[in-house]
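Peer 1: One structure follows; several queries about it will come next.
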Amino acid sequence: MIREIRIDDIPDVLPLYISYYNEVEDCCWNDNTAGRRIHQVLSMEDSYGLIYEKDDQVVGFAMGFFKQYDDIDVLLFTKTSRLGR
């Protein structure tokens with residue numbers, strides 16, 4: 001099922017976010033810093049996010065926000081592809 005992401009979904013998507021940035025981008029995010037960043041993005045004006053759940057498990061999510069002048073910033077995270085941006 002794909003649905004809009006909510007603030008209360010943050011704990012469920014943290015592992016995907018942290019895994020991508022720490023394993024692929026060689027960063028050092030933790031539950032606190034990643035949770036704050038996801039909350040920041042989802043709380044922005046003109047932000048939008050989707051969450052993909054299968055068998056009651058989060059398998060992916062996307063979040064982003066529209067910027068002035070029609071630019072868009074989108075991040076995509078999945079368990080299988082580990083793709084971003």
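Naming scheme: A, B, ... for chains in displayed order of the structure tokens; residues 1 onward per chain; ligands 1 onward as shown.
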Once DSSP has gone over the backbone, tell me which residues of chain A are in helix (DSSP H, G or I), as a ChimeraX atom specification.
Peer 2: /A:7-24,31-43,68-70
Peer 1: Which residues are near Gly35 in chain A? Cut-off 12 Å, only C-alpha atoms, ignore same chain within fewer than 4 positions. Put them as a list of chain:residue names.
Peer 2: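 Returned residues: A:Ile7, A:Asp8, A:Asp9, A:Ile10, A:Pro11, A:Asp12, A:Val13, A:Leu14, A:Pro15, A:Leu16, A:Tyr17, A:Ile18, A:Trp29, A:Asn30, A:Asp31, A:His39, A:Gln40, A:Val41, A:Leu42, A:Ser43.
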Peer 1: Considering only C-alpha atoms, can you say which of A:Lys79, A:Arg36, A:Tyr21, A:Glu45 comes closest to Gln57 in chain A?
Peer 2: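 Closest to Gln57 in chain A, using only C-alpha atoms: A:Lys79.
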Peer 1: Expressed in Å to a single decimal, how great is the separation between CA of Ile38 in chain A and CA of Ile5 in chain A?
Peer 2: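 Here the two named atoms are 10.7 Å from each other.
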Peer 1: For Tyr20 in chain A, which residue among A:Arg6, A:Asn32, A:Asp46, A:Phe61 is the nearest when counting only C-alpha atoms?
Peer 2: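 Smallest distance to Tyr20 in chain A is found for A:Phe61.
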Peer 1: Quick one, how far is CA of Arg3 in chain A from CA of Glu53 in chain A?
Peer 2: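 About the pair CA of Arg3 in chain A and CA of Glu53 in chain A: they are 8.4 Å apart.
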Peer 1: Could you please write out, as an MDAnalysis selection string, every residue of chain A that DSSP assigns to strand (DSSP E)?
Peer 2: chainID A and resid 2:4 47:54 57:66 72:78
